[in-house]
file protein_12.cif (mmCIF, C-alpha atoms and all ligand atoms)
data_start
loop_
_atom_site.label_atom_id
_atom_site.label_comp_id
_atom_site.auth_asym_id
_atom_site.auth_seq_id
_atom_site.Cartn_x
_atom_site.Cartn_y
_atom_site.Cartn_z
CA MET A 12 -12.98 26.31 -36.06
CA THR A 13 -11.49 23.39 -37.99
CA PRO A 14 -11.97 23.61 -41.77
CA VAL A 15 -13.65 20.64 -43.47
CA MET A 16 -14.42 20.30 -47.16
CA ILE A 17 -17.58 18.53 -48.38
CA LEU A 18 -17.49 17.63 -52.07
CA ASN A 19 -20.26 16.31 -54.28
CA GLY A 20 -19.83 14.81 -57.71
CA PRO A 21 -21.86 14.71 -60.90
CA ASN A 22 -25.64 14.99 -60.93
CA LEU A 23 -25.91 15.52 -57.19
CA ASN A 24 -27.03 19.08 -57.99
CA LEU A 25 -30.30 17.38 -59.03
CA LEU A 26 -30.86 15.72 -55.66
CA GLY A 27 -34.52 15.95 -54.65
CA GLN A 28 -35.67 16.61 -58.20
CA ARG A 29 -35.69 13.07 -59.65
CA GLN A 30 -35.80 9.44 -58.36
CA PRO A 31 -36.98 10.30 -54.80
CA GLN A 32 -37.46 6.55 -54.20
CA VAL A 33 -33.69 6.11 -54.51
CA TYR A 34 -32.26 9.42 -53.29
CA GLY A 35 -35.04 10.94 -51.15
CA ALA A 36 -36.80 14.28 -51.49
CA ASP A 37 -34.19 16.58 -49.95
CA THR A 38 -32.20 18.85 -52.21
CA LEU A 39 -28.46 19.51 -52.11
CA ALA A 40 -29.26 22.90 -50.57
CA ASP A 41 -31.06 21.01 -47.77
CA VAL A 42 -27.96 18.84 -47.32
CA GLU A 43 -25.76 21.92 -47.06
CA LYS A 44 -28.10 23.53 -44.50
CA ARG A 45 -28.13 20.41 -42.30
CA CYS A 46 -24.36 20.08 -42.58
CA GLU A 47 -23.88 23.73 -41.59
CA THR A 48 -25.92 23.17 -38.42
CA MET A 49 -24.01 20.02 -37.54
CA ALA A 50 -20.67 21.67 -38.31
CA ALA A 51 -21.43 24.67 -36.09
CA ASN A 52 -22.26 22.30 -33.21
CA HIS A 53 -18.88 20.62 -33.65
CA LYS A 54 -16.90 23.83 -34.22
CA LEU A 55 -16.13 22.89 -37.81
CA ALA A 56 -15.98 25.45 -40.64
CA LEU A 57 -17.46 23.98 -43.80
CA SER A 58 -16.70 24.56 -47.42
CA PHE A 59 -19.38 22.84 -49.50
CA ALA A 60 -19.07 22.30 -53.26
CA GLN A 61 -20.55 20.31 -56.13
CA SER A 62 -19.15 19.75 -59.59
CA ASN A 63 -20.16 17.75 -62.63
CA HIS A 64 -16.54 17.77 -63.85
CA GLU A 65 -13.88 15.25 -62.84
CA GLY A 66 -10.94 17.67 -63.27
CA GLU A 67 -12.66 20.33 -61.19
CA LEU A 68 -13.16 17.81 -58.38
CA VAL A 69 -9.45 16.89 -58.63
CA THR A 70 -8.52 20.58 -58.33
CA LEU A 71 -10.81 21.07 -55.33
CA ILE A 72 -9.19 18.05 -53.62
CA GLN A 73 -5.73 19.45 -54.37
CA ASP A 74 -6.81 22.81 -52.90
CA ALA A 75 -8.00 21.02 -49.76
CA ARG A 76 -4.39 20.01 -49.01
CA THR A 77 -3.83 23.56 -47.78
CA THR A 78 -7.35 24.71 -46.89
CA ALA A 79 -8.99 21.77 -45.08
CA LYS A 80 -8.19 19.27 -42.33
CA ALA A 81 -10.64 16.63 -43.60
CA ILE A 82 -12.67 15.76 -46.69
CA ILE A 83 -16.15 14.30 -46.93
CA ILE A 84 -16.86 13.27 -50.49
CA ASN A 85 -19.80 11.85 -52.40
CA PRO A 86 -18.06 11.32 -55.74
CA GLY A 87 -21.31 10.24 -57.44
CA ALA A 88 -20.70 8.01 -60.46
CA TYR A 89 -16.98 8.95 -60.44
CA SER A 90 -16.70 6.64 -57.40
CA HIS A 91 -16.90 3.75 -59.81
CA THR A 92 -14.61 5.11 -62.54
CA SER A 93 -12.13 7.72 -61.38
CA ILE A 94 -8.54 6.81 -60.61
CA ALA A 95 -7.78 10.56 -60.94
CA ILE A 96 -9.98 11.36 -57.94
CA LEU A 97 -8.43 8.46 -56.01
CA ASP A 98 -4.93 9.75 -56.82
CA ALA A 99 -5.84 13.26 -55.66
CA LEU A 100 -7.29 11.91 -52.39
CA ASN A 101 -4.13 9.86 -51.86
CA MET A 102 -2.18 13.14 -51.81
CA PHE A 103 -4.38 14.55 -49.06
CA ASP A 104 -3.07 13.97 -45.55
CA GLY A 105 -6.18 14.20 -43.34
CA PRO A 106 -9.17 11.91 -42.86
CA VAL A 107 -11.42 11.19 -45.86
CA ILE A 108 -14.97 9.88 -45.55
CA GLU A 109 -16.92 8.66 -48.57
CA VAL A 110 -20.69 9.11 -48.47
CA HIS A 111 -23.35 7.63 -50.72
CA VAL A 112 -26.99 8.57 -50.27
CA SER A 113 -28.12 5.18 -51.61
CA ASN A 114 -26.83 1.73 -50.66
CA ILE A 115 -24.58 1.16 -53.65
CA HIS A 116 -24.16 -2.52 -52.68
CA ALA A 117 -27.88 -3.19 -53.06
CA ARG A 118 -27.90 -1.69 -56.56
CA GLU A 119 -26.43 -2.62 -59.96
CA ALA A 120 -23.15 -4.58 -59.91
CA PHE A 121 -21.27 -1.69 -61.55
CA ARG A 122 -21.93 0.42 -58.44
CA HIS A 123 -20.50 -2.15 -56.02
CA HIS A 124 -16.87 -1.11 -56.53
CA SER A 125 -15.59 2.33 -55.58
CA TYR A 126 -12.03 3.49 -56.33
CA VAL A 127 -12.46 6.14 -53.65
CA SER A 128 -13.06 3.44 -51.01
CA HIS A 129 -9.41 2.38 -51.44
CA ARG A 130 -8.44 5.68 -49.75
CA ALA A 131 -11.46 6.44 -47.57
CA ASP A 132 -11.05 6.07 -43.82
CA ALA A 133 -14.77 5.30 -43.65
CA VAL A 134 -17.62 4.68 -46.07
CA ILE A 135 -21.27 5.49 -45.33
CA ALA A 136 -23.86 4.22 -47.80
CA GLY A 137 -27.62 3.87 -47.69
CA CYS A 138 -28.31 6.31 -44.83
CA GLY A 139 -29.82 8.94 -47.11
CA ILE A 140 -28.63 12.49 -46.61
CA GLN A 141 -28.16 11.74 -42.91
CA GLY A 142 -24.94 10.07 -44.06
CA TYR A 143 -23.34 13.50 -44.47
CA GLU A 144 -24.17 14.42 -40.86
CA MET A 145 -22.86 11.05 -39.66
CA ALA A 146 -19.64 11.71 -41.58
CA LEU A 147 -19.27 15.12 -39.90
CA GLU A 148 -19.71 13.55 -36.46
CA ARG A 149 -17.01 11.02 -37.26
CA ILE A 150 -14.68 13.71 -38.62
CA SER A 151 -15.19 15.70 -35.45
CA ALA A 152 -14.22 12.64 -33.36
CA LEU A 153 -11.19 11.92 -35.53
CA LEU A 154 -9.93 15.52 -35.39
CA SER A 155 -10.52 16.18 -31.72
CA PRO A 156 -7.32 16.12 -29.67
O1 LIG B 201 -25.91 7.09 -53.72
C1 LIG B 201 -25.16 8.00 -54.03
O2 LIG B 201 -24.96 9.00 -53.33
C2 LIG B 201 -24.44 7.96 -55.38
O3 LIG B 201 -23.11 8.46 -55.19
C3 LIG B 201 -25.22 8.85 -56.31
C4 LIG B 201 -24.70 8.82 -57.76
C5 LIG B 201 -24.57 7.40 -58.25
O4 LIG B 201 -23.97 7.41 -59.55
C6 LIG B 201 -23.71 6.57 -57.32
O5 LIG B 201 -23.64 5.24 -57.82
C7 LIG B 201 -24.31 6.55 -55.93
C8 LIG B 201 -25.66 9.50 -58.72
C9 LIG B 201 -26.19 10.78 -58.30
C10 LIG B 201 -27.36 11.03 -59.18
O6 LIG B 201 -28.10 11.97 -58.52
C11 LIG B 201 -29.36 12.13 -58.89
C12 LIG B 201 -30.06 12.96 -58.12
C13 LIG B 201 -31.36 13.18 -58.41
C14 LIG B 201 -31.96 12.58 -59.47
C15 LIG B 201 -31.23 11.72 -60.25
C16 LIG B 201 -29.93 11.52 -59.99
#

call {"tool": "encode", "arguments": {"input": "protein_12.cif", "output": "structure tokens"}}
result
Amino acid sequence: MTPVMILNGPNLNLLGQRQPQVYGADTLADVEKRCETMAANHKLALSFAQSNHEGELVTLIQDARTTAKAIIINPGAYSHTSIAILDALNMFDGPVIEVHVSNIHAREAFRHHSYVSHRADAVIAGCGIQGYEMALERISALLSP
């Protein structure tokens, strides 16, 4: 089993509870369940986390340097603001995929730029929560020998 970390940033703990027209009706627990199924099919061992705190996300990314072979991250609004998260990802050696539930490019101008995209090997936006499963499939392909 290859360890993969999935990280979620601020407010994503409220997924499914507000703005279903933007983010859909599924909760973060639903996302985790679907990811667990996909991961098992691809022989990946998931660690799944969410934090509303920038520093905690930085620490989790630092931890991943020794505990995970790949990172899938939805940094939430920190995508658009956090050089600290970008710096932490730049110190991680494996593949990084950035996921956004909504299509950030079809939304307000301030969402069009993501610092994390400077490091990400791939970016998936606007595919709803299926984006996480797509990211896992891609990670599996990238990590297979
Ligand atoms: O589309 C995405 O996945 C985002 O990363 C979500 C972030 C937003 O700041 C990014 O620009 C795009 C916000 C997550 C807010 O999550 C909510 C969930 C339920 C209800 C309200 C907000």

call {"tool": "closest_atom_pairs", "arguments": {"input": "protein_12.cif", "of": "region 84-107 of chain A", "to": "region 132-137 of chain A", "cutoff": "10 Å", "atoms": "only C-alpha atoms", "output": "Markdown table"}}
result
| residue | atom | partner | partner_atom | distance |
| --- | --- | --- | --- | --- |
| A:Ile84 | CA | A:Val134 | CA | 9.7 |
| A:Asn85 | CA | A:Ile135 | CA | 9.6 |
| A:Gly105 | CA | A:Asp132 | CA | 9.5 |
| A:Pro106 | CA | A:Asp132 | CA | 6.2 |
| A:Val107 | CA | A:Asp132 | CA | 5.5 |

call {"tool": "closest_residue", "arguments": {"input": "protein_12.cif", "among": "A:Val127, A:Cys46, A:Ala40, A:Ala51", "to": "Ser93 (chain A)", "atoms": "all atoms listed in the file"}}
result
A:Val127

call {"tool": "residues_around", "arguments": {"input": "protein_12.cif", "residues": "His53 (chain A)", "least_positions_apart": "2", "cutoff": "8 Å", "atoms": "all atoms listed in the file", "output": "ChimeraX atom specification"}}
result
/A:49-51,55,148,151

call {"tool": "residues_near_ligand", "arguments": {"input": "protein_12.cif", "ligand": "ligand LIG 201 (chain B)", "cutoff": "6 Å", "atoms": "only C-alpha atoms and all ligand atoms", "output": "MDAnalysis selection string"}}
result
chainID A and resid 22:23 25:30 85:88 111:113 115 122

call {"tool": "write_last_selection", "arguments": {"input": "protein_12.cif", "atoms": "C-alpha atoms", "output": "tab-separated table (two decimals), in the coordinates of the input"}}
result
chain	number	residue	atom	x	y	z
A	22	ASN	CA	-25.64	14.99	-60.93
A	23	LEU	CA	-25.91	15.52	-57.19
A	25	LEU	CA	-30.30	17.38	-59.03
A	26	LEU	CA	-30.86	15.72	-55.66
A	27	GLY	CA	-34.52	15.95	-54.65
A	28	GLN	CA	-35.67	16.61	-58.20
A	29	ARG	CA	-35.69	13.07	-59.65
A	30	GLN	CA	-35.80	9.44	-58.36
A	85	ASN	CA	-19.80	11.85	-52.40
A	86	PRO	CA	-18.06	11.32	-55.74
A	87	GLY	CA	-21.31	10.24	-57.44
A	88	ALA	CA	-20.70	8.01	-60.46
A	111	HIS	CA	-23.35	7.63	-50.72
A	112	VAL	CA	-26.99	8.57	-50.27
A	113	SER	CA	-28.12	5.18	-51.61
A	115	ILE	CA	-24.58	1.16	-53.65
A	122	ARG	CA	-21.93	0.42	-58.44

call {"tool": "axis_aligned_box", "arguments": {"input": "protein_12.cif", "around": "region 38-44 of chain A", "padding_each_side": "5 Å", "output": "AutoDock Vina command-line options"}}
result
--center_x -29.0 --center_y 21.2 --center_z -48.4 --size_x 16.4 --size_y 14.7 --size_z 17.7

call {"tool": "atom_distance", "arguments": {"input": "protein_12.cif", "atom1": "CA of Met12 (chain A)", "atom2": "CA of Lys54 (chain A)"}}
result
5.0 Å

call {"tool": "residues_near_point", "arguments": {"input": "protein_12.cif", "point": "(-28.5, 22.0, -50.6)", "cutoff": "12 Å", "atoms": "all atoms listed in the file", "output": "ChimeraX atom specification"}}
result
/A:17-19,23-28,36-47,59-61,140,143

call {"tool": "write_last_selection", "arguments": {"input": "protein_12.cif", "atoms": "C-alpha atoms", "output": "tab-separated table (two decimals), in the coordinates of the input"}}
result
chain	number	residue	atom	x	y	z
A	17	ILE	CA	-17.58	18.53	-48.38
A	18	LEU	CA	-17.49	17.63	-52.07
A	19	ASN	CA	-20.26	16.31	-54.28
A	23	LEU	CA	-25.91	15.52	-57.19
A	24	ASN	CA	-27.03	19.08	-57.99
A	25	LEU	CA	-30.30	17.38	-59.03
A	26	LEU	CA	-30.86	15.72	-55.66
A	27	GLY	CA	-34.52	15.95	-54.65
A	28	GLN	CA	-35.67	16.61	-58.20
A	36	ALA	CA	-36.80	14.28	-51.49
A	37	ASP	CA	-34.19	16.58	-49.95
A	38	THR	CA	-32.20	18.85	-52.21
A	39	LEU	CA	-28.46	19.51	-52.11
A	40	ALA	CA	-29.26	22.90	-50.57
A	41	ASP	CA	-31.06	21.01	-47.77
A	42	VAL	CA	-27.96	18.84	-47.32
A	43	GLU	CA	-25.76	21.92	-47.06
A	44	LYS	CA	-28.10	23.53	-44.50
A	45	ARG	CA	-28.13	20.41	-42.30
A	46	CYS	CA	-24.36	20.08	-42.58
A	47	GLU	CA	-23.88	23.73	-41.59
A	59	PHE	CA	-19.38	22.84	-49.50
A	60	ALA	CA	-19.07	22.30	-53.26
A	61	GLN	CA	-20.55	20.31	-56.13
A	140	ILE	CA	-28.63	12.49	-46.61
A	143	TYR	CA	-23.34	13.50	-44.47

call {"tool": "atom_distance", "arguments": {"input": "protein_12.cif", "atom1": "CA of Ser155 (chain A)", "atom2": "CA of Pro14 (chain A)"}}
result
12.6 Å

call {"tool": "residues_near_point", "arguments": {"input": "protein_12.cif", "point": "(-11.7, 2.9, -53.1)", "cutoff": "7 Å", "atoms": "only C-alpha atoms", "output": "mmCIF file with C-alpha atoms, in the frame of the given file"}}
result
data_model
loop_
_atom_site.group_PDB
_atom_site.id
_atom_site.type_symbol
_atom_site.label_atom_id
_atom_site.label_comp_id
_atom_site.auth_asym_id
_atom_site.auth_seq_id
_atom_site.Cartn_x
_atom_site.Cartn_y
_atom_site.Cartn_z
ATOM 1 C CA SER A 125 -15.590 2.330 -55.580
ATOM 2 C CA TYR A 126 -12.030 3.490 -56.330
ATOM 3 C CA VAL A 127 -12.460 6.140 -53.650
ATOM 4 C CA SER A 128 -13.060 3.440 -51.010
ATOM 5 C CA HIS A 129 -9.410 2.380 -51.440
ATOM 6 C CA ARG A 130 -8.440 5.680 -49.750
ATOM 7 C CA ALA A 131 -11.460 6.440 -47.570
#

call {"tool": "atom_distance", "arguments": {"input": "protein_12.cif", "atom1": "CA of Ala81 (chain A)", "atom2": "CA of Val110 (chain A)"}}
result
13.5 Å

call {"tool": "closest_residue", "arguments": {"input": "protein_12.cif", "among": "A:Glu119, A:Leu68, A:Leu57, A:Val33", "to": "Met16 (chain A)", "atoms": "all atoms listed in the file"}}
result
A:Leu57

call {"tool": "closest_residue", "arguments": {"input": "protein_12.cif", "among": "A:Cys138, A:Val15, A:Ile96, A:Ala120", "to": "Lys80 (chain A)", "atoms": "only C-alpha atoms"}}
result
A:Val15

call {"tool": "residues_around", "arguments": {"input": "protein_12.cif", "residues": "Tyr89 (chain A)", "least_positions_apart": "5", "cutoff": "8 Å", "atoms": "all atoms listed in the file", "output": "ChimeraX atom specification"}}
result
/A:20-21,65,96

call {"tool": "closest_residue", "arguments": {"input": "protein_12.cif", "among": "A:Gly35, A:His91, A:Met102, A:Val69", "to": "His116 (chain A)", "atoms": "all atoms listed in the file"}}
result
A:His91

call {"tool": "closest_residue", "arguments": {"input": "protein_12.cif", "among": "A:Ala79, A:Ile72, A:Ala117, A:Ala146", "to": "Asn101 (chain A)", "atoms": "all atoms listed in the file"}}
result
A:Ile72

call {"tool": "build_atoms", "arguments": {"input": "protein_12.cif", "residues": "region 19-32 of chain A", "atoms": "N, CA and C atoms", "output": "PDB file, in the frame of the given file"}}
result
ATOM      1  N   ASN A  19     -19.222  17.121 -53.632  1.00  0.00           N
ATOM      2  CA  ASN A  19     -20.260  16.310 -54.280  1.00  0.00           C
ATOM      3  C   ASN A  19     -20.002  16.237 -55.771  1.00  0.00           C
ATOM      4  N   GLY A  20     -20.136  15.033 -56.303  1.00  0.00           N
ATOM      5  CA  GLY A  20     -19.830  14.810 -57.710  1.00  0.00           C
ATOM      6  C   GLY A  20     -21.029  14.992 -58.632  1.00  0.00           C
ATOM      7  N   PRO A  21     -20.906  14.432 -59.832  1.00  0.00           N
ATOM      8  CA  PRO A  21     -21.860  14.710 -60.900  1.00  0.00           C
ATOM      9  C   PRO A  21     -23.298  14.315 -60.577  1.00  0.00           C
ATOM     10  N   ASN A  22     -24.181  15.176 -61.012  1.00  0.00           N
ATOM     11  CA  ASN A  22     -25.640  14.990 -60.930  1.00  0.00           C
ATOM     12  C   ASN A  22     -26.225  15.200 -59.540  1.00  0.00           C
ATOM     13  N   LEU A  23     -25.369  15.331 -58.536  1.00  0.00           N
ATOM     14  CA  LEU A  23     -25.910  15.520 -57.190  1.00  0.00           C
ATOM     15  C   LEU A  23     -26.558  16.897 -57.028  1.00  0.00           C
ATOM     16  N   ASN A  24     -26.303  17.807 -57.981  1.00  0.00           N
ATOM     17  CA  ASN A  24     -27.030  19.080 -57.990  1.00  0.00           C
ATOM     18  C   ASN A  24     -28.527  18.863 -58.244  1.00  0.00           C
ATOM     19  N   LEU A  25     -28.886  17.682 -58.748  1.00  0.00           N
ATOM     20  CA  LEU A  25     -30.300  17.380 -59.030  1.00  0.00           C
ATOM     21  C   LEU A  25     -31.000  16.628 -57.901  1.00  0.00           C
ATOM     22  N   LEU A  26     -30.280  16.433 -56.810  1.00  0.00           N
ATOM     23  CA  LEU A  26     -30.860  15.720 -55.660  1.00  0.00           C
ATOM     24  C   LEU A  26     -32.217  16.328 -55.293  1.00  0.00           C
ATOM     25  N   GLY A  27     -33.190  15.460 -55.033  1.00  0.00           N
ATOM     26  CA  GLY A  27     -34.520  15.950 -54.650  1.00  0.00           C
ATOM     27  C   GLY A  27     -35.423  16.257 -55.827  1.00  0.00           C
ATOM     28  N   GLN A  28     -34.861  16.249 -57.023  1.00  0.00           N
ATOM     29  CA  GLN A  28     -35.670  16.610 -58.200  1.00  0.00           C
ATOM     30  C   GLN A  28     -36.100  15.415 -59.033  1.00  0.00           C
ATOM     31  N   ARG A  29     -35.365  14.289 -58.905  1.00  0.00           N
ATOM     32  CA  ARG A  29     -35.690  13.070 -59.650  1.00  0.00           C
ATOM     33  C   ARG A  29     -35.435  11.870 -58.736  1.00  0.00           C
ATOM     34  N   GLN A  30     -36.033  10.716 -59.068  1.00  0.00           N
ATOM     35  CA  GLN A  30     -35.800   9.440 -58.360  1.00  0.00           C
ATOM     36  C   GLN A  30     -35.845   9.574 -56.828  1.00  0.00           C
ATOM     37  N   PRO A  31     -36.921  10.166 -56.269  1.00  0.00           N
ATOM     38  CA  PRO A  31     -36.980  10.300 -54.800  1.00  0.00           C
ATOM     39  C   PRO A  31     -36.993   8.938 -54.090  1.00  0.00           C
ATOM     40  N   GLN A  32     -37.439   7.878 -54.818  1.00  0.00           N
ATOM     41  CA  GLN A  32     -37.460   6.550 -54.200  1.00  0.00           C
ATOM     42  C   GLN A  32     -36.056   6.025 -53.948  1.00  0.00           C
TER      43      GLN A  32
END
